[in-house]
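The file final_28.txt contains compact mmCIF, C-alpha atoms:
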# COMPACT_ATOMS: atom_id res chain seq x y z
CA MET A 15 13.99 -3.85 4.69
CA ARG A 16 11.39 -2.38 2.37
CA VAL A 17 7.96 -3.82 1.64
CA GLU A 18 6.10 -2.42 -1.37
CA ILE A 19 2.36 -2.99 -1.68
CA TRP A 20 0.57 -2.51 -4.99
CA THR A 21 -3.10 -1.77 -4.36
CA ASP A 22 -6.19 0.04 -5.60
CA ILE A 23 -8.71 1.88 -3.42
CA ALA A 24 -11.53 0.14 -5.30
CA CYS A 25 -10.18 -3.30 -4.32
CA PRO A 26 -11.90 -4.88 -1.28
CA TRP A 27 -9.21 -7.55 -0.91
CA CYS A 28 -6.62 -4.76 -0.71
CA TYR A 29 -8.59 -3.32 2.21
CA VAL A 30 -8.61 -6.70 3.96
CA GLY A 31 -5.05 -7.58 2.94
CA LYS A 32 -3.62 -4.38 4.37
CA ALA A 33 -5.18 -5.18 7.74
CA ARG A 34 -3.82 -8.73 7.72
CA PHE A 35 -0.36 -7.63 6.69
CA GLY A 36 -0.47 -4.95 9.39
CA ARG A 37 -1.15 -7.57 12.04
CA ALA A 38 1.77 -9.66 10.84
CA LEU A 39 4.03 -6.62 10.79
CA ASP A 40 3.00 -5.60 14.30
CA GLY A 41 4.14 -9.00 15.56
CA PHE A 42 7.42 -8.98 13.61
CA ALA A 43 10.51 -8.74 15.79
CA HIS A 44 12.20 -6.25 13.44
CA ARG A 45 9.14 -4.07 12.87
CA GLU A 46 11.03 -0.81 13.37
CA GLN A 47 13.43 -1.69 10.57
CA VAL A 48 10.74 -2.29 7.95
CA GLU A 49 9.69 0.49 5.58
CA VAL A 50 6.29 0.11 3.92
CA VAL A 51 5.57 1.88 0.63
CA HIS A 52 2.20 1.82 -1.12
CA ARG A 53 2.32 1.63 -4.92
CA SER A 54 -0.33 2.42 -7.51
CA PHE A 55 -2.39 -0.12 -9.46
CA GLU A 56 -5.70 0.70 -11.16
CA LEU A 57 -8.11 -2.19 -11.46
CA ASP A 58 -9.97 -0.34 -14.22
CA PRO A 59 -7.72 2.30 -15.79
CA SER A 60 -10.26 2.70 -18.59
CA ALA A 61 -12.93 4.02 -16.21
CA ALA A 62 -13.81 7.52 -17.29
CA LYS A 63 -13.22 10.26 -14.75
CA GLY A 64 -16.55 11.51 -13.48
CA GLU A 65 -18.35 8.27 -14.34
CA VAL A 66 -19.64 6.53 -11.20
CA VAL A 67 -21.42 3.17 -11.13
CA GLN A 68 -23.10 1.17 -8.39
CA VAL A 69 -21.00 -1.77 -7.23
CA LEU A 70 -23.62 -4.54 -7.21
CA PRO A 71 -24.91 -4.03 -10.80
CA MET A 72 -21.32 -3.52 -11.97
CA LEU A 73 -20.22 -6.84 -10.44
CA ALA A 74 -23.24 -8.66 -11.87
CA GLU A 75 -22.53 -7.38 -15.37
CA LYS A 76 -18.77 -7.84 -15.21
CA TYR A 77 -18.86 -11.43 -13.99
CA GLY A 78 -22.11 -12.54 -15.61
CA MET A 79 -23.92 -13.20 -12.36
CA SER A 80 -27.25 -12.26 -10.86
CA LEU A 81 -27.66 -9.38 -8.42
CA GLU A 82 -28.33 -11.91 -5.68
CA GLN A 83 -25.06 -13.69 -6.43
CA ALA A 84 -23.28 -10.34 -6.31
CA ARG A 85 -24.87 -9.66 -2.92
CA GLN A 86 -23.70 -13.04 -1.65
CA GLY A 87 -20.17 -12.27 -2.78
CA GLU A 88 -20.25 -8.93 -0.98
CA ALA A 89 -21.57 -10.66 2.14
CA ARG A 90 -18.58 -13.02 2.11
CA LEU A 91 -16.25 -10.07 1.73
CA LYS A 92 -17.92 -8.42 4.69
CA GLU A 93 -17.27 -11.53 6.78
CA ASN A 94 -13.58 -11.34 5.92
CA ALA A 95 -13.44 -7.61 6.65
CA THR A 96 -15.28 -8.00 9.95
CA GLY A 97 -12.83 -10.71 10.93
CA GLU A 98 -10.08 -8.09 10.71
CA GLY A 99 -12.04 -5.52 12.71
CA LEU A 100 -13.03 -3.54 9.61
CA ASP A 101 -16.41 -2.06 8.78
CA TYR A 102 -17.81 -2.95 5.35
CA LEU A 103 -20.98 -1.79 3.57
CA THR A 104 -22.47 -4.42 1.28
CA GLU A 105 -25.19 -2.19 -0.18
CA GLY A 106 -25.13 1.25 -1.75
CA ARG A 107 -21.42 1.52 -2.54
CA ASP A 108 -20.25 2.91 -5.85
CA SER A 109 -17.08 2.71 -7.91
CA GLY A 110 -15.22 4.86 -10.40
CA ASN A 111 -11.86 6.13 -11.56
CA THR A 112 -9.19 6.04 -8.83
CA PHE A 113 -6.38 7.90 -10.58
CA ASP A 114 -6.71 11.08 -8.48
CA MET A 115 -6.58 9.01 -5.31
CA HIS A 116 -3.33 7.43 -6.45
CA ARG A 117 -1.89 10.86 -7.19
CA LEU A 118 -2.83 11.94 -3.66
CA LEU A 119 -1.07 8.87 -2.27
CA HIS A 120 2.14 9.98 -3.97
CA LEU A 121 1.79 13.41 -2.38
CA ALA A 122 1.22 11.64 0.94
CA LYS A 123 4.36 9.57 0.40
CA ASP A 124 6.40 12.75 -0.04
CA LYS A 125 4.92 14.11 3.21
CA GLY A 126 5.32 10.92 5.25
CA ARG A 127 1.54 10.46 5.60
CA GLN A 128 0.91 7.69 3.09
CA ASP A 129 -0.35 5.06 5.51
CA ALA A 130 -2.82 7.46 7.13
CA VAL A 131 -4.16 8.65 3.77
CA ILE A 132 -4.68 5.17 2.34
CA ASP A 133 -6.46 4.10 5.53
CA GLY A 134 -8.73 7.13 5.22
CA LEU A 135 -9.51 6.37 1.59
CA TYR A 136 -10.23 2.70 2.30
CA ARG A 137 -12.51 3.56 5.21
CA ALA A 138 -14.38 6.18 3.18
CA ASN A 139 -14.88 3.82 0.25
CA PHE A 140 -15.82 0.62 2.05
CA ALA A 141 -17.30 1.70 5.38
CA GLU A 142 -18.95 5.10 4.83
CA GLU A 143 -21.96 5.97 2.71
CA ARG A 144 -20.72 9.14 1.04
CA SER A 145 -18.92 8.47 -2.25
CA VAL A 146 -15.21 9.15 -2.71
CA PHE A 147 -15.56 9.16 -6.50
CA ASN A 148 -15.98 12.36 -8.47
CA ASP A 149 -16.03 14.39 -5.24
CA THR A 150 -13.04 16.68 -4.81
CA GLU A 151 -14.24 18.05 -1.49
CA ARG A 152 -14.54 14.54 -0.11
CA LEU A 153 -10.97 13.73 -1.12
CA VAL A 154 -9.68 16.99 0.35
CA ALA A 155 -11.42 16.28 3.65
CA ILE A 156 -9.93 12.77 3.84
CA ALA A 157 -6.44 13.99 3.00
CA VAL A 158 -6.53 16.84 5.52
CA ALA A 159 -7.87 14.54 8.25
CA ALA A 160 -4.88 12.27 7.54
CA GLY A 161 -2.43 15.13 8.00
CA LEU A 162 -1.91 16.63 4.55
CA ASP A 163 -1.96 20.37 3.94
CA GLU A 164 -5.23 21.54 2.41
CA ALA A 165 -3.67 23.97 -0.06
CA GLU A 166 -1.16 21.36 -1.29
CA THR A 167 -3.92 18.78 -1.61
CA ARG A 168 -6.12 21.11 -3.65
CA ALA A 169 -3.17 22.07 -5.86
CA VAL A 170 -2.48 18.43 -6.69
CA LEU A 171 -6.12 17.64 -7.44
CA ALA A 172 -6.39 20.74 -9.64
CA ASP A 173 -3.38 19.76 -11.74
CA PRO A 174 -4.00 16.45 -13.57
CA GLU A 175 -0.30 16.12 -14.40
CA LYS A 176 0.89 16.35 -10.78
CA TYR A 177 2.23 12.91 -9.77
CA ALA A 178 0.64 11.36 -12.85
CA ALA A 179 4.02 10.11 -14.06
CA ASP A 180 4.64 8.50 -10.65
CA VAL A 181 1.37 6.60 -10.85
CA ARG A 182 2.15 5.37 -14.36
CA ALA A 183 5.66 4.35 -13.29
CA ASP A 184 4.22 2.24 -10.47
CA GLU A 185 1.83 0.56 -12.88
CA ARG A 186 4.58 -0.21 -15.38
CA GLU A 187 6.71 -1.65 -12.62
CA ALA A 188 3.86 -3.85 -11.44
CA ALA A 189 3.60 -5.30 -14.94
CA GLU A 190 7.36 -5.87 -15.07
CA LEU A 191 7.20 -7.73 -11.77
CA GLY A 192 4.42 -9.95 -13.09
CA ALA A 193 1.58 -8.55 -11.00
CA ASN A 194 -1.75 -8.97 -12.76
CA GLY A 195 -3.91 -8.42 -9.69
CA VAL A 196 -3.85 -6.76 -6.29
CA PRO A 197 -2.97 -6.68 -3.49
CA PHE A 198 0.58 -7.58 -4.45
CA PHE A 199 3.30 -7.46 -1.81
CA VAL A 200 7.00 -7.27 -2.71
CA LEU A 201 9.47 -7.84 0.11
CA ASP A 202 12.97 -6.45 -0.39
CA ARG A 203 12.63 -7.07 -4.14
CA ARG A 204 13.27 -10.75 -3.40
CA TYR A 205 9.88 -12.24 -2.59
CA GLY A 206 6.36 -11.63 -3.85
CA VAL A 207 3.08 -12.42 -2.10
CA SER A 208 -0.16 -12.12 -4.03
CA GLY A 209 -3.56 -11.65 -2.45
CA ALA A 210 -5.01 -11.05 1.01
CA GLN A 211 -3.20 -13.99 2.58
CA PRO A 212 -3.68 -15.12 6.19
CA VAL A 213 -1.65 -13.30 8.82
CA GLU A 214 0.56 -16.37 9.27
CA VAL A 215 1.60 -16.32 5.62
CA PHE A 216 2.60 -12.67 5.82
CA ALA A 217 4.52 -13.33 9.04
CA GLN A 218 6.42 -16.18 7.36
CA ALA A 219 7.18 -14.00 4.33
CA LEU A 220 8.54 -11.19 6.51
CA GLN A 221 10.81 -13.59 8.38
CA GLN A 222 11.99 -15.27 5.19
CA ALA A 223 12.82 -11.94 3.56
CA TRP A 224 14.61 -10.76 6.70
CA ASP A 225 16.67 -13.94 6.96
CA ALA A 226 17.75 -13.53 3.33
CA LEU A 227 19.12 -10.02 3.83
CA PRO A 228 22.86 -9.81 3.14
CA ARG A 229 24.88 -9.62 6.34
CA PRO A 230 28.27 -7.92 6.64
CA THR A 231 31.19 -10.34 6.80
CA PRO A 232 34.05 -9.59 9.23
CA LEU A 233 37.21 -8.82 7.27
CA ALA A 234 40.47 -10.67 7.79
CA PRO A 235 43.46 -8.45 8.64
CA VAL A 236 46.29 -8.12 6.17
CA ALA A 237 49.34 -10.08 7.31
CA GLY A 238 52.03 -7.84 8.77
CA ALA A 239 49.76 -4.83 9.33
CA ASP A 240 49.29 -3.55 12.87
CA GLU A 241 46.66 -1.17 14.25
CA ALA A 242 48.79 1.95 14.13
CA GLY A 243 46.88 5.10 13.22
CA VAL A 244 43.52 3.81 14.45
CA CYS A 245 40.88 5.62 16.54
CA GLY A 246 38.31 3.67 18.51
CA PRO A 247 35.90 4.00 21.46
CA GLU A 248 38.85 4.08 23.87
CA GLY A 249 40.65 6.82 21.98
CA CYS A 250 43.32 7.06 19.31
CA ALA A 251 46.53 5.07 19.13
CA VAL A 252 49.57 7.26 19.85
CA PRO A 253 52.43 6.63 17.43
CA PRO A 254 55.67 5.52 19.10
CA ARG A 255 58.38 8.14 19.54
CA GLN A 256 60.90 7.99 16.77
CA GLY A 257 64.63 7.84 17.60
Can you give me the file's structure in the form of C-alpha cells?
Amino acid sequence: MRVEIWTDIACPWCYVGKARFGRALDGFAHREQVEVVHRSFELDPSAAKGEVVQVLPMLAEKYGMSLEQARQGEARLKENATGEGLDYLTEGRDSGNTFDMHRLLHLAKDKGRQDAVIDGLYRANFAEERSVFNDTERLVAIAVAAGLDEAETRAVLADPEKYAADVRADEREAAELGANGVPFFVLDRRYGVSGAQPVEVFAQALQQAWDALPRPTPLAPVAGADEAGVCGPEGCAVPPRQG
C-alpha cells in the first residue's frame, strides 16, 4: 500500500503532521508493506528566490494580526510540536522560496533517502537558528548528512531545471485531487486525510485503506480438467505411461 504526503518545508503543521503520522505508522500491523512517498506543494509559489522574510512580521501582515497575536500562534504551534517530541523555535525564524528544497526531495526519492532528507530540512527550518533559505551550502550540508552524494546534490542545485518538472507535476496532481492546503495524505489513491490529525485518526485511516485493498479470489477449477502437467512444492506430476 502506498501513502503519498503532500507537504511544504515552510509548513509547521506538515512538520507536526509527519511526526503524528509516523507514530500511527509505527503501530500499524502491516508497517513493512506500506510505502511512503513525499510529494511537493509550495505554500507560496510566488515567493521570489533569494527573498527571505522573518516569520512573525510575515504572519502578522498576511493574516492582519498584531505581532503579539502572531507570537501567540507560534507558541501554540510549539506546544503541538513539543507534544510530538519535536523542537520548535518561536522567534527568529525566516521563510522564503522552497522550490529548490522540493527539487532536492525528488533527488532523494530517486536515491531512497527521501524520508531522511525531509526530516533534515524540517529540523533545520523549525528547530535550528541558521536559515535554510537562500543558502546553498546549508542545503548541501543537510542533504549530505541525510545520505545524498555531495556532487549530485550540488549538480541539482546548480541546474534550475533538474527535477523542476517533477515538482510541478506533484503540484498539478495535488490540485486535481482537491488539495488546497497541506499536509495532505492520500492512502492508496482511495482515501484522503487533510491536516495534522491526531495519531488515532491516522491509525484508523491506515486500517481502513488496508481493509479496502483488493484481495485475490480463489479460482474455481474447470469441470473435467485434472491436474496433469502441474509442478508444485512436492515436485512435478509425472504423466501416465501411454499404451
Please provide the set of residues having any atom within 8 Å of stretch 168-173 of chain A, restricted to only C-alpha atoms, with same-chain residues fewer than 6 positions apart removed, written as a PyMOL selection string.
chain A and resi 114+117-118+121+150+154
At what distance in Å, to one decimal, does atom CA of A:Glu248 lie from atom CA of A:Pro235?
20.3 Å
Contact residues around stretch 27-44 of chain A with all atoms listed in the file at 8 Å, ignoring same-chain residues under 2 positions, as a PyMOL selection string:
chain A and resi 21-23+25+46-48+91+94-95+98+100+136+196-197+209-214+216-217+220-221
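Proximity of A:Met115, A:Leu73, A:Ile132, A:Val50 to A:Ala178, computed with only C-alpha atoms, is greatest for A:Met115.
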Tell me, in Å to one decimal, how far atom CA of A:Asn194 is from atom CA of A:Glu105.
27.5 Å
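Across A:Glu75, A:Glu65, A:Glu166, A:Glu175, the tightest approach to A:Ala122 is made by A:Glu166 when counting all atoms listed in the file.
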One number please: atom CA of A:Gly195 to atom CA of A:Pro228, in Å, one decimal.
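So the answer is 29.7 Å.
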Nearest to A:Arg45, chosen from A:Val17, A:Leu191, A:Gly206, A:Glu93, with all atoms listed in the file counted in the distances
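Among the listed residues, A:Val17 lies closest to A:Arg45.
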Test item: residues at most 12 Å from A:Gln86, only C-alpha atoms, excluding those fewer than 3 positions along its chain, as a ChimeraX atom specification:
/A:70,73-74,79-83,89-93,104-105
With all atoms listed in the file as the atoms that count, which of A:Pro59, A:Pro232, A:Pro71, A:Gly249 lies nearest to A:Asp108?
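Nearest to A:Asp108: A:Pro71.
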Best match for closeness to A:Lys123 among A:Arg229, A:His52, A:Lys63, A:Arg182, counting all atoms listed in the file:
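Checking each candidate against A:Lys123, we get A:His52 as the closest.
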Could you tell me which of A:Thr96, A:Asn111, A:Asn148, A:Thr167 comes closest to A:Val131 if we count only C-alpha atoms?
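The shortest atom-to-atom distance to A:Val131 comes from A:Thr167.
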Completed stretch 211-222 of chain A (all heavy atoms) as a CSV table (one decimal), in the coordinates of the input:
chain,number,residue,atom,x,y,z
A,211,GLN,N,-3.6,-12.7,1.9
A,211,GLN,CA,-3.2,-14.0,2.6
A,211,GLN,C,-3.5,-13.9,4.1
A,211,GLN,O,-3.6,-12.9,4.7
A,211,GLN,CB,-1.7,-14.3,2.3
A,211,GLN,CG,-1.3,-14.4,0.9
A,211,GLN,CD,-1.9,-15.7,0.3
A,211,GLN,OE1,-2.2,-16.7,1.0
A,211,GLN,NE2,-2.0,-15.7,-1.1
A,212,PRO,N,-3.6,-15.1,4.7
A,212,PRO,CA,-3.7,-15.1,6.2
A,212,PRO,C,-2.5,-14.4,6.9
A,212,PRO,O,-1.4,-14.4,6.3
A,212,PRO,CB,-3.7,-16.6,6.5
A,212,PRO,CG,-4.2,-17.3,5.3
A,212,PRO,CD,-3.6,-16.5,4.1
A,213,VAL,N,-2.7,-14.0,8.1
A,213,VAL,CA,-1.6,-13.3,8.8
A,213,VAL,C,-0.4,-14.2,8.9
A,213,VAL,O,0.7,-13.7,8.8
A,213,VAL,CB,-2.2,-12.9,10.2
A,213,VAL,CG1,-1.0,-12.4,11.1
A,213,VAL,CG2,-3.3,-11.9,10.1
A,214,GLU,N,-0.6,-15.5,9.1
A,214,GLU,CA,0.6,-16.4,9.3
A,214,GLU,C,1.4,-16.4,8.0
A,214,GLU,O,2.7,-16.5,8.1
A,214,GLU,CB,0.1,-17.8,9.6
A,214,GLU,CG,-0.7,-17.9,10.9
A,214,GLU,CD,-2.1,-17.4,10.9
A,214,GLU,OE1,-2.6,-17.2,9.7
A,214,GLU,OE2,-2.7,-17.2,12.0
A,215,VAL,N,0.8,-16.3,6.9
A,215,VAL,CA,1.6,-16.3,5.6
A,215,VAL,C,2.4,-15.0,5.5
A,215,VAL,O,3.6,-15.1,5.1
A,215,VAL,CB,0.7,-16.5,4.4
A,215,VAL,CG1,1.5,-16.3,3.1
A,215,VAL,CG2,0.0,-17.8,4.4
A,216,PHE,N,1.8,-13.9,5.8
A,216,PHE,CA,2.6,-12.7,5.8
A,216,PHE,C,3.7,-12.7,6.8
A,216,PHE,O,4.8,-12.2,6.6
A,216,PHE,CB,1.7,-11.5,6.1
A,216,PHE,CG,0.8,-11.1,4.9
A,216,PHE,CD1,-0.6,-11.0,5.1
A,216,PHE,CD2,1.3,-10.9,3.7
A,216,PHE,CE1,-1.4,-10.7,4.0
A,216,PHE,CE2,0.5,-10.5,2.6
A,216,PHE,CZ,-0.9,-10.4,2.8
A,217,ALA,N,3.5,-13.2,8.0
A,217,ALA,CA,4.5,-13.3,9.0
A,217,ALA,C,5.7,-14.2,8.5
A,217,ALA,O,6.9,-13.8,8.7
A,217,ALA,CB,3.9,-13.9,10.3
A,218,GLN,N,5.4,-15.3,7.9
A,218,GLN,CA,6.4,-16.2,7.4
A,218,GLN,C,7.2,-15.5,6.3
A,218,GLN,O,8.4,-15.6,6.2
A,218,GLN,CB,5.8,-17.5,6.8
A,218,GLN,CG,6.8,-18.4,6.2
A,218,GLN,CD,6.1,-19.7,5.6
A,218,GLN,OE1,4.9,-19.9,5.8
A,218,GLN,NE2,6.9,-20.5,4.9
A,219,ALA,N,6.5,-14.7,5.4
A,219,ALA,CA,7.2,-14.0,4.3
A,219,ALA,C,8.1,-12.9,4.9
A,219,ALA,O,9.2,-12.8,4.4
A,219,ALA,CB,6.1,-13.4,3.4
A,220,LEU,N,7.7,-12.2,5.9
A,220,LEU,CA,8.5,-11.2,6.5
A,220,LEU,C,9.8,-11.8,7.1
A,220,LEU,O,10.9,-11.3,6.9
A,220,LEU,CB,7.8,-10.5,7.6
A,220,LEU,CG,6.7,-9.4,7.2
A,220,LEU,CD1,5.8,-9.0,8.3
A,220,LEU,CD2,7.4,-8.2,6.6
A,221,GLN,N,9.6,-12.9,7.8
A,221,GLN,CA,10.8,-13.6,8.4
A,221,GLN,C,11.7,-14.1,7.3
A,221,GLN,O,13.0,-14.0,7.4
A,221,GLN,CB,10.4,-14.7,9.3
A,221,GLN,CG,11.5,-15.3,10.2
A,221,GLN,CD,12.1,-14.3,11.1
A,221,GLN,OE1,11.4,-13.6,11.9
A,221,GLN,NE2,13.4,-14.1,11.0
A,222,GLN,N,11.2,-14.7,6.3
A,222,GLN,CA,12.0,-15.3,5.2
A,222,GLN,C,12.8,-14.2,4.5
A,222,GLN,O,14.0,-14.3,4.2
A,222,GLN,CB,11.1,-16.0,4.2
A,222,GLN,CG,11.9,-16.8,3.1
A,222,GLN,CD,10.9,-17.6,2.2
A,222,GLN,OE1,9.8,-17.7,2.5
A,222,GLN,NE2,11.5,-18.2,1.2
